[in-house]
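> One structure, as structure tokens, below. Some questions next.
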Amino acid sequence: MKVALLLGIAALALGGASPDRQQVDLLIRGGTVYAGSGEPFTGDVAIKGDRIVAVGPRVKVAAGRVIDARGMIVAPGFIDPHTHMGDDLASDDAAVRLIPAFLMQGVTTAFIGNDGGGDPDVAKVLGSARTRPVGINYAAYVGFGAVREKVVGAADRAPTDAERTRMKALVAGAMCQGALGLSTGLFYAPQSFAATEEVVALAREAGLRGGVYDSHIRDESSYTVGLSAAIDEAIAIGREGGLPTHISHIKALGVDVQGQAPAIIAKVEAARRAGQKVTADQYPWSASGTSLVASLMPLWAQDGGRPALLARLDDPALAERLRAGIAENLRKRGGAAKLLIVEGRYANRTLEDVAGELGQDPVSAAIAVIRIQDPGVVSFNQSEADIIAFMKRPWVMTGSDASGGHPRVYGSFARKYAKYVRAERVLSLGEFVERSTSLTADTFGIADRGRLRPGAFADVVVFDPATYAARATYEQPTLLAQGVRTVVVNGVVAVDEGALTGKAAGRALAHTPTPGTCG
Ligand SMILES: [Zn+2]
């Protein structure tokens with residue numbers, strides 16, 4: 001009662017008595033406003049229903065509620081273009097569907113279906129939010145891997161003409177249901193079995209309908225074609241497919257390619273100068289997250305999936321070749337001490353620790369673990385100089401690649417701010433906000449989000465510049481971030497005074513296909 005009374009007085013003081021003032025629901029007052037682009041200013045953001053109605057140095061409205069943001073940063077809700085939160089967003093558990101890890105960082109929109117995993121039934125994926133309310137907005141890719149598995153299976157072969165036609169139809173259909181574009185993870189089997197021209201043919205279907213080509217590239221390291229050729233391939237697929245290329249979680253992974261960031265940047269910028277649309281996202285951590293099999297097993301040994309892999313582990317005729325392949329991948333990743341297992345029986349131990357425990361060499365230990373399961377691992381494999389070189393480019397946006405067992409789920413945006421903006425000044429605060437909001441919205445055609453401006457959807461974060469930071473670590477990856485005071489999603493307060501309200505105001509965002517391209 002007392003709070004309501006005080007709020008009433010605040011509204012009155014702002015002009016409730018003046019009949020000509022517009023009545024709004026929420027006024028975020030007196031913060032330092034970074035609107036997504038342009039210069040920051042001290043001012044207010046007024047919200048009515050699900051939209052922003054006014055932004056400026058002194059907004060004169062009558063507000064149902066006023067949030068005092070003095071001393072705080074006010075920015076558009078952050079947009080994360082690469083996550084693996086699809087299962088959480090469709091969870092049976094309403095608390096999981098809130099996506100607290102994201103809301104508590106100010107992330108209000110996430111993309112799902114990355115790395116080629118996106119379900120071709122995009123209508124179902126987007127429709128889920130109607131019956132299962134979600135805490136954040138999400139948009140979805142159709143995944144090349146899901147499409148190929150559905151049509152060709154897990155085998156290492158080219159599709160037949162009939163299969164090719166079916167795959168194209170699946171991509172086209174998904175685009176017409178609102179997919180953002182085609183995602184691929186050409187590093188992963190069975191996607192790795194696809195030739196470039198096969199991917200181009202499907203990417204063209206996405207491009208025709210206004211989609212983008214989102215790529216976890218064929219090789220971020222020196223496994224197969226090498227980082228440099230894999231970047232060339234991603235750019236070529238965009239060029240030949242006639243659509244923008246977006247490189248997922250750009251990095252130089254492993255000892256053989258560390259230091260190559262400047263050369264990769266030069267390639268991307270040459271394509272951009274030639275008129276192609278090429279962008280990337282990046283998570284601000286030196287360790288990547290993957291699985292033990294994906295990080296160590298030679299690709300030939302993965303052909304046919306886990307049953308075939310297990311059979312090969314038992315085949316004495318293959319033992320020597322298998323061990324040599326694993327040893328080489330381990331070397332590329334910097335050795336057994338640089339691989340931290342994060343789930344299952346050996347959670348929170350490095351492969352080196354496990355080898356010691358089992359009294360085996362690291363290769364034998366890896367095989368012993370893989371026989372039981374394929375646990376997630378974090379792999380410390382990037383140099384800080386490469387991370388910073390990529391981060392500084394204006395076409396590199398913030399992403400998380402959020403997937404279990406890695407602190408990037410709970411801390412990517414907060415860490416990028418605390419470490420690379422506040423502490424090390426690699427980026428200005430304005431650059432950080434722009435590359436976490438408007439750059440992403442513009443690149444992917446996310447309508448009316450990513451900027452604080454009248455008419456835009458009211459996705460807003462208010463955070464304390466002195467304390468906003470990740471608390472999640474590799475050892476404790478599920479600690480919520482700190483320093484976010486308020487988060488508004490579609491006009492609804494989802495984080496209030498630093499705590500979740502439990503309100504699930506997120507929406508499924510369907511991409512609008514190019515007119516005339518869907519029957
Ligand atoms: Zn990926």
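Just remember, in the structure tokens the first chain shown is A, the second B, etc., residues are 1-based per chain, and ligands are 1-based in the order shown.
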Which residues of chain A have any atom within 9 Å of an atom in ligand 1 when counting only C-alpha atoms and all ligand atoms, and what is the closest pair of atoms for each, with the distance in Å to one decimal? Order the rows by chain and rising number and write it as JSON lines.

{"residue": "A:His82", "atom": "CA", "partner": "ligand 1", "partner_atom_place_in_ligand_line": "1 (Zn)", "distance": 7.9}
{"residue": "A:Thr83", "atom": "CA", "partner": "ligand 1", "partner_atom_place_in_ligand_line": "1 (Zn)", "distance": 8.6}
{"residue": "A:His84", "atom": "CA", "partner": "ligand 1", "partner_atom_place_in_ligand_line": "1 (Zn)", "distance": 8.9}
{"residue": "A:Asn114", "atom": "CA", "partner": "ligand 1", "partner_atom_place_in_ligand_line": "1 (Zn)", "distance": 6.8}
{"residue": "A:Asp115", "atom": "CA", "partner": "ligand 1", "partner_atom_place_in_ligand_line": "1 (Zn)", "distance": 4.8}
{"residue": "A:Gly116", "atom": "CA", "partner": "ligand 1", "partner_atom_place_in_ligand_line": "1 (Zn)", "distance": 8.5}
{"residue": "A:Thr184", "atom": "CA", "partner": "ligand 1", "partner_atom_place_in_ligand_line": "1 (Zn)", "distance": 8.6}
{"residue": "A:Gly185", "atom": "CA", "partner": "ligand 1", "partner_atom_place_in_ligand_line": "1 (Zn)", "distance": 6.4}
{"residue": "A:Phe187", "atom": "CA", "partner": "ligand 1", "partner_atom_place_in_ligand_line": "1 (Zn)", "distance": 8.7}
{"residue": "A:Ser215", "atom": "CA", "partner": "ligand 1", "partner_atom_place_in_ligand_line": "1 (Zn)", "distance": 7.9}
{"residue": "A:His216", "atom": "CA", "partner": "ligand 1", "partner_atom_place_in_ligand_line": "1 (Zn)", "distance": 4.9}
{"residue": "A:Ile217", "atom": "CA", "partner": "ligand 1", "partner_atom_place_in_ligand_line": "1 (Zn)", "distance": 8.1}
{"residue": "A:Ser248", "atom": "CA", "partner": "ligand 1", "partner_atom_place_in_ligand_line": "1 (Zn)", "distance": 6.3}
{"residue": "A:His249", "atom": "CA", "partner": "ligand 1", "partner_atom_place_in_ligand_line": "1 (Zn)", "distance": 6.7}
{"residue": "A:Gly289", "atom": "CA", "partner": "ligand 1", "partner_atom_place_in_ligand_line": "1 (Zn)", "distance": 8.8}
{"residue": "A:Thr290", "atom": "CA", "partner": "ligand 1", "partner_atom_place_in_ligand_line": "1 (Zn)", "distance": 8.4}
{"residue": "A:Asp401", "atom": "CA", "partner": "ligand 1", "partner_atom_place_in_ligand_line": "1 (Zn)", "distance": 6.6}
> Neighbours of A:Lys416 within 9 Å (only C-alpha atoms; same-chain residues fewer than 4 positions away dropped), as a list in words?
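In the requested form, the answer reads Tyr283, Pro284, Trp285, Thr398, Gly411, Ser412, Tyr420, Val421, Arg422, Phe432, Ala469 and Ala470 of chain A.
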> Write to file, as a compact mmCIF listing (two decimals), in the first residue's frame, the residues of the selection just made, with N, CA, C and O atoms.

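File written: part.txt
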# COMPACT_ATOMS: atom_id res chain seq x y z
N TYR A 283 31.91 -15.38 -28.42
CA TYR A 283 31.74 -15.40 -26.96
C TYR A 283 33.08 -15.07 -26.31
O TYR A 283 34.13 -15.46 -26.83
N PRO A 284 33.03 -14.36 -25.20
CA PRO A 284 34.27 -13.79 -24.64
C PRO A 284 34.97 -14.72 -23.66
O PRO A 284 35.22 -14.36 -22.51
N TRP A 285 35.26 -15.92 -24.10
CA TRP A 285 35.93 -16.90 -23.23
C TRP A 285 37.03 -17.58 -24.02
O TRP A 285 36.85 -17.84 -25.22
N THR A 398 28.13 -9.71 -30.02
CA THR A 398 28.21 -10.55 -28.83
C THR A 398 27.29 -11.75 -28.98
O THR A 398 26.14 -11.61 -29.39
N GLY A 411 26.98 -16.10 -18.28
CA GLY A 411 27.81 -14.91 -18.09
C GLY A 411 28.39 -14.21 -19.29
O GLY A 411 29.17 -13.28 -19.12
N SER A 412 28.03 -14.61 -20.52
CA SER A 412 28.78 -14.05 -21.66
C SER A 412 28.65 -12.53 -21.80
O SER A 412 29.65 -11.83 -21.99
N TYR A 420 36.03 -6.74 -20.76
CA TYR A 420 36.57 -6.10 -21.96
C TYR A 420 36.14 -4.64 -22.14
O TYR A 420 36.71 -3.93 -22.96
N VAL A 421 35.11 -4.20 -21.40
CA VAL A 421 34.72 -2.79 -21.45
C VAL A 421 35.23 -2.07 -20.20
O VAL A 421 36.03 -1.14 -20.30
N ARG A 422 34.78 -2.52 -19.04
CA ARG A 422 35.10 -1.79 -17.80
C ARG A 422 36.57 -1.96 -17.41
O ARG A 422 37.24 -0.97 -17.12
N PHE A 432 30.00 -1.84 -27.11
CA PHE A 432 29.46 -3.07 -26.51
C PHE A 432 27.94 -3.13 -26.69
O PHE A 432 27.40 -4.16 -27.10
N ALA A 469 28.50 -7.80 -13.91
CA ALA A 469 29.59 -8.75 -14.16
C ALA A 469 29.05 -10.17 -14.09
O ALA A 469 28.01 -10.43 -13.49
N ALA A 470 29.80 -11.08 -14.71
CA ALA A 470 29.48 -12.50 -14.58
C ALA A 470 30.00 -13.01 -13.24
O ALA A 470 31.05 -12.56 -12.76
> Which one is closest to A:Thr478: A:Val257, A:Ile250, A:Met104, A:Val134? Count only C-alpha atoms.
A:Met104
> From the set A:Ala347, A:Leu26, A:Ile67, A:Ile265, which residue has the shortest atom-to-atom contact distance to A:Ile47, counting only C-alpha atoms?
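Selected residue with least distance to A:Ile47: A:Leu26.
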> Do you know which residues are at most 9 Å from stretch 507-514 of chain A counting only C-alpha atoms, after dropping those on the same chain fewer than 3 positions away, and could you put them as a PyMOL selection string?
chain A and resi 109+122-123+125-130+133-140+175-181+208-211+444-447+490+504+517-518
> As a PyMOL selection string, which residues of stretch 242-462 of chain A does DSSP assign to alpha helix (DSSP H)?
chain A and resi 261-273+292-296+299-302+305-313+319-332+351-358+362-372+384-391+408-415+429-434+438-444
> Between atom CA of A:Ser288 and atom CA of A:Met85, measure the distance and give it in Å to one decimal.
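Taking atom CA of A:Ser288 as the start and atom CA of A:Met85 as the end point, the length is 16.8 Å.
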> I want to know what sits within 10 Å of A:Gly498, based on only C-alpha atoms, with residues of the same chain fewer than 2 positions away left out; could you give that as a PyMOL selection string?
chain A and resi 104+462-463+482-487+494-496+500-501
> Kindly save the residues from that selection, with C-alpha atoms included, as a PDB file, in the first residue's frame.

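Saved the output as out38.pdb:
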ATOM      1  CA  MET A 104      19.687 -11.784 -15.254  1.00  0.00           C
ATOM      2  CA  VAL A 462      18.885  -1.271 -16.733  1.00  0.00           C
ATOM      3  CA  PHE A 463      22.234  -2.194 -15.213  1.00  0.00           C
ATOM      4  CA  GLN A 482      25.140  -9.587 -11.010  1.00  0.00           C
ATOM      5  CA  GLY A 483      24.422  -5.916 -11.543  1.00  0.00           C
ATOM      6  CA  VAL A 484      21.236  -5.984 -13.616  1.00  0.00           C
ATOM      7  CA  ARG A 485      18.555  -3.950 -11.884  1.00  0.00           C
ATOM      8  CA  THR A 486      15.618  -4.032 -14.264  1.00  0.00           C
ATOM      9  CA  VAL A 487      14.726  -5.979 -17.383  1.00  0.00           C
ATOM     10  CA  ALA A 494      10.782  -9.445 -15.908  1.00  0.00           C
ATOM     11  CA  VAL A 495      13.553  -8.405 -13.506  1.00  0.00           C
ATOM     12  CA  ASP A 496      12.683  -5.903 -10.784  1.00  0.00           C
ATOM     13  CA  LEU A 500      13.156 -12.213 -11.313  1.00  0.00           C
ATOM     14  CA  THR A 501       9.453 -11.382 -11.196  1.00  0.00           C
TER      15      THR A 501
END
> Using only C-alpha atoms, which residues sit within 10 Å of A:Val171 once same-chain residues fewer than 6 positions away are excluded, as a list in words?
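Near neighbours after the sequence-gap exclusion: Pro120, Asp121, Val122, Tyr141, Val142, Gly143, Phe144, Val147, Gln177, Ala179, Gly181, Leu182, Leu202, Ala203, Arg204, Glu205 and Ala206 of chain A.
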> Record the distance separating atom CA of A:Pro81 and atom CA of A:Val460, expressed in Å with one decimal.
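Interatomic distance here is 17.3 Å.
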> Mind checking which residues fall within 12 Å of stretch 30-41 of chain A, counting only C-alpha atoms, ignoring those fewer than 3 positions away in the same chain, and posting them as a PyMOL selection string?
chain A and resi 27+44-46+52+54-59+66-79+428-442+448-454+456+458-465+485-486
> Which distance in Å separates atom CA of A:Ala263 and atom CA of A:Gln276, to one decimal?
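Computed distance, atom CA of A:Ala263 to atom CA of A:Gln276, equals 17.8 Å.
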> Write out as a PDB file with N, CA, C and O atoms, in the first residue's frame each polymer residue whose atoms come within 10 Å of A:Thr279, counting only C-alpha atoms; drop sequence neighbours fewer than 2 positions from it.

ATOM      1  N   ASP A 214      24.021 -19.102 -41.552  1.00  0.00           N
ATOM      2  CA  ASP A 214      24.697 -19.048 -40.255  1.00  0.00           C
ATOM      3  C   ASP A 214      25.572 -20.275 -40.131  1.00  0.00           C
ATOM      4  O   ASP A 214      25.085 -21.399 -40.219  1.00  0.00           O
ATOM      5  N   ILE A 235      32.369 -17.958 -46.712  1.00  0.00           N
ATOM      6  CA  ILE A 235      32.168 -16.748 -47.520  1.00  0.00           C
ATOM      7  C   ILE A 235      31.662 -17.137 -48.913  1.00  0.00           C
ATOM      8  O   ILE A 235      30.742 -16.514 -49.458  1.00  0.00           O
ATOM      9  N   PRO A 244      23.450 -13.366 -47.033  1.00  0.00           N
ATOM     10  CA  PRO A 244      24.490 -12.957 -46.085  1.00  0.00           C
ATOM     11  C   PRO A 244      25.091 -14.168 -45.375  1.00  0.00           C
ATOM     12  O   PRO A 244      24.390 -15.125 -45.053  1.00  0.00           O
ATOM     13  N   THR A 245      26.400 -14.116 -45.131  1.00  0.00           N
ATOM     14  CA  THR A 245      27.086 -15.145 -44.336  1.00  0.00           C
ATOM     15  C   THR A 245      27.294 -14.621 -42.924  1.00  0.00           C
ATOM     16  O   THR A 245      27.772 -13.495 -42.734  1.00  0.00           O
ATOM     17  N   HIS A 246      26.942 -15.446 -41.956  1.00  0.00           N
ATOM     18  CA  HIS A 246      27.248 -15.107 -40.563  1.00  0.00           C
ATOM     19  C   HIS A 246      28.083 -16.237 -39.974  1.00  0.00           C
ATOM     20  O   HIS A 246      27.670 -17.397 -39.987  1.00  0.00           O
ATOM     21  N   ILE A 247      29.264 -15.886 -39.471  1.00  0.00           N
ATOM     22  CA  ILE A 247      30.181 -16.893 -38.910  1.00  0.00           C
ATOM     23  C   ILE A 247      29.928 -16.995 -37.407  1.00  0.00           C
ATOM     24  O   ILE A 247      30.071 -16.018 -36.670  1.00  0.00           O
ATOM     25  N   SER A 248      29.546 -18.183 -36.977  1.00  0.00           N
ATOM     26  CA  SER A 248      29.239 -18.403 -35.567  1.00  0.00           C
ATOM     27  C   SER A 248      30.513 -18.442 -34.734  1.00  0.00           C
ATOM     28  O   SER A 248      31.529 -18.969 -35.185  1.00  0.00           O
ATOM     29  N   ILE A 250      33.200 -16.908 -33.828  1.00  0.00           N
ATOM     30  CA  ILE A 250      34.471 -16.836 -34.574  1.00  0.00           C
ATOM     31  C   ILE A 250      35.645 -17.000 -33.610  1.00  0.00           C
ATOM     32  O   ILE A 250      35.650 -16.455 -32.511  1.00  0.00           O
ATOM     33  N   VAL A 268      37.604 -11.653 -44.246  1.00  0.00           N
ATOM     34  CA  VAL A 268      36.218 -11.190 -44.074  1.00  0.00           C
ATOM     35  C   VAL A 268      36.081  -9.758 -44.597  1.00  0.00           C
ATOM     36  O   VAL A 268      35.125  -9.432 -45.309  1.00  0.00           O
ATOM     37  N   GLU A 269      37.058  -8.928 -44.279  1.00  0.00           N
ATOM     38  CA  GLU A 269      36.930  -7.519 -44.668  1.00  0.00           C
ATOM     39  C   GLU A 269      37.116  -7.333 -46.176  1.00  0.00           C
ATOM     40  O   GLU A 269      36.513  -6.434 -46.763  1.00  0.00           O
ATOM     41  N   ARG A 272      33.710  -8.093 -47.485  1.00  0.00           N
ATOM     42  CA  ARG A 272      32.805  -6.977 -47.188  1.00  0.00           C
ATOM     43  C   ARG A 272      33.061  -5.802 -48.135  1.00  0.00           C
ATOM     44  O   ARG A 272      32.113  -5.175 -48.622  1.00  0.00           O
ATOM     45  N   GLN A 276      29.903  -8.005 -50.210  1.00  0.00           N
ATOM     46  CA  GLN A 276      29.187  -9.125 -49.591  1.00  0.00           C
ATOM     47  C   GLN A 276      28.854  -8.795 -48.139  1.00  0.00           C
ATOM     48  O   GLN A 276      29.594  -8.068 -47.473  1.00  0.00           O
ATOM     49  N   LYS A 277      27.735  -9.352 -47.674  1.00  0.00           N
ATOM     50  CA  LYS A 277      27.399  -9.188 -46.258  1.00  0.00           C
ATOM     51  C   LYS A 277      28.017 -10.344 -45.483  1.00  0.00           C
ATOM     52  O   LYS A 277      27.622 -11.494 -45.662  1.00  0.00           O
ATOM     53  N   ASP A 281      29.684 -13.667 -34.802  1.00  0.00           N
ATOM     54  CA  ASP A 281      29.508 -13.442 -33.372  1.00  0.00           C
ATOM     55  C   ASP A 281      30.634 -14.121 -32.629  1.00  0.00           C
ATOM     56  O   ASP A 281      31.396 -14.908 -33.201  1.00  0.00           O
ATOM     57  N   ARG A 393      36.514  -5.744 -34.101  1.00  0.00           N
ATOM     58  CA  ARG A 393      35.965  -5.461 -35.423  1.00  0.00           C
ATOM     59  C   ARG A 393      34.482  -5.076 -35.304  1.00  0.00           C
ATOM     60  O   ARG A 393      33.725  -5.713 -34.544  1.00  0.00           O
ATOM     61  N   PRO A 394      34.056  -4.086 -36.061  1.00  0.00           N
ATOM     62  CA  PRO A 394      32.679  -3.587 -35.930  1.00  0.00           C
ATOM     63  C   PRO A 394      31.620  -4.549 -36.451  1.00  0.00           C
ATOM     64  O   PRO A 394      30.434  -4.326 -36.241  1.00  0.00           O
ATOM     65  N   TRP A 395      32.014  -5.624 -37.105  1.00  0.00           N
ATOM     66  CA  TRP A 395      31.052  -6.619 -37.629  1.00  0.00           C
ATOM     67  C   TRP A 395      30.966  -7.848 -36.732  1.00  0.00           C
ATOM     68  O   TRP A 395      30.316  -8.830 -37.103  1.00  0.00           O
ATOM     69  N   VAL A 396      31.616  -7.790 -35.562  1.00  0.00           N
ATOM     70  CA  VAL A 396      31.570  -8.918 -34.625  1.00  0.00           C
ATOM     71  C   VAL A 396      30.637  -8.586 -33.471  1.00  0.00           C
ATOM     72  O   VAL A 396      30.867  -7.627 -32.737  1.00  0.00           O
ATOM     73  N   MET A 397      29.575  -9.363 -33.351  1.00  0.00           N
ATOM     74  CA  MET A 397      28.590  -9.091 -32.302  1.00  0.00           C
ATOM     75  C   MET A 397      28.765 -10.050 -31.124  1.00  0.00           C
ATOM     76  O   MET A 397      29.462 -11.058 -31.224  1.00  0.00           O
ATOM     77  N   LEU A 439      23.230  -3.927 -34.002  1.00  0.00           N
ATOM     78  CA  LEU A 439      23.970  -4.631 -35.067  1.00  0.00           C
ATOM     79  C   LEU A 439      23.329  -5.998 -35.323  1.00  0.00           C
ATOM     80  O   LEU A 439      23.152  -6.411 -36.474  1.00  0.00           O
ATOM     81  N   THR A 440      22.960  -6.666 -34.256  1.00  0.00           N
ATOM     82  CA  THR A 440      22.364  -7.992 -34.367  1.00  0.00           C
ATOM     83  C   THR A 440      20.968  -7.903 -34.981  1.00  0.00           C
ATOM     84  O   THR A 440      20.627  -8.654 -35.894  1.00  0.00           O
ATOM     85  N   THR A 443      21.356  -7.042 -38.706  1.00  0.00           N
ATOM     86  CA  THR A 443      21.944  -8.128 -39.494  1.00  0.00           C
ATOM     87  C   THR A 443      20.917  -9.208 -39.808  1.00  0.00           C
ATOM     88  O   THR A 443      20.890  -9.758 -40.898  1.00  0.00           O
TER      89      THR A 443
END
> Set out as JSON lines a contact list for stretch 278-341 of chain A and stretch 352-369 of chain A with a cut-off of 9 Å, giving each residue of stretch 278-341 of chain A that qualifies its closest atom pair and distance in Å to one decimal, counting only C-alpha atoms, ordered by chain and rising residue number.

{"residue": "A:Leu292", "atom": "CA", "partner": "A:Ala366", "partner_atom": "CA", "distance": 7.7}
{"residue": "A:Val293", "atom": "CA", "partner": "A:Ala366", "partner_atom": "CA", "distance": 8.7}
{"residue": "A:Leu296", "atom": "CA", "partner": "A:Ala366", "partner_atom": "CA", "distance": 8.2}
{"residue": "A:Leu313", "atom": "CA", "partner": "A:Ile367", "partner_atom": "CA", "distance": 7.7}
{"residue": "A:Arg323", "atom": "CA", "partner": "A:Val363", "partner_atom": "CA", "distance": 6.5}
{"residue": "A:Ala324", "atom": "CA", "partner": "A:Val363", "partner_atom": "CA", "distance": 8.8}
{"residue": "A:Ile326", "atom": "CA", "partner": "A:Val363", "partner_atom": "CA", "distance": 6.4}
{"residue": "A:Ala327", "atom": "CA", "partner": "A:Val363", "partner_atom": "CA", "distance": 6.2}
{"residue": "A:Leu330", "atom": "CA", "partner": "A:Val363", "partner_atom": "CA", "distance": 8.2}
{"residue": "A:Gly335", "atom": "CA", "partner": "A:Glu352", "partner_atom": "CA", "distance": 8.2}
{"residue": "A:Ala336", "atom": "CA", "partner": "A:Glu352", "partner_atom": "CA", "distance": 4.8}
{"residue": "A:Ala337", "atom": "CA", "partner": "A:Glu352", "partner_atom": "CA", "distance": 5.1}
{"residue": "A:Lys338", "atom": "CA", "partner": "A:Glu352", "partner_atom": "CA", "distance": 8.3}
{"residue": "A:Leu339", "atom": "CA", "partner": "A:Glu352", "partner_atom": "CA", "distance": 8.0}
{"residue": "A:Leu340", "atom": "CA", "partner": "A:Glu352", "partner_atom": "CA", "distance": 8.8}
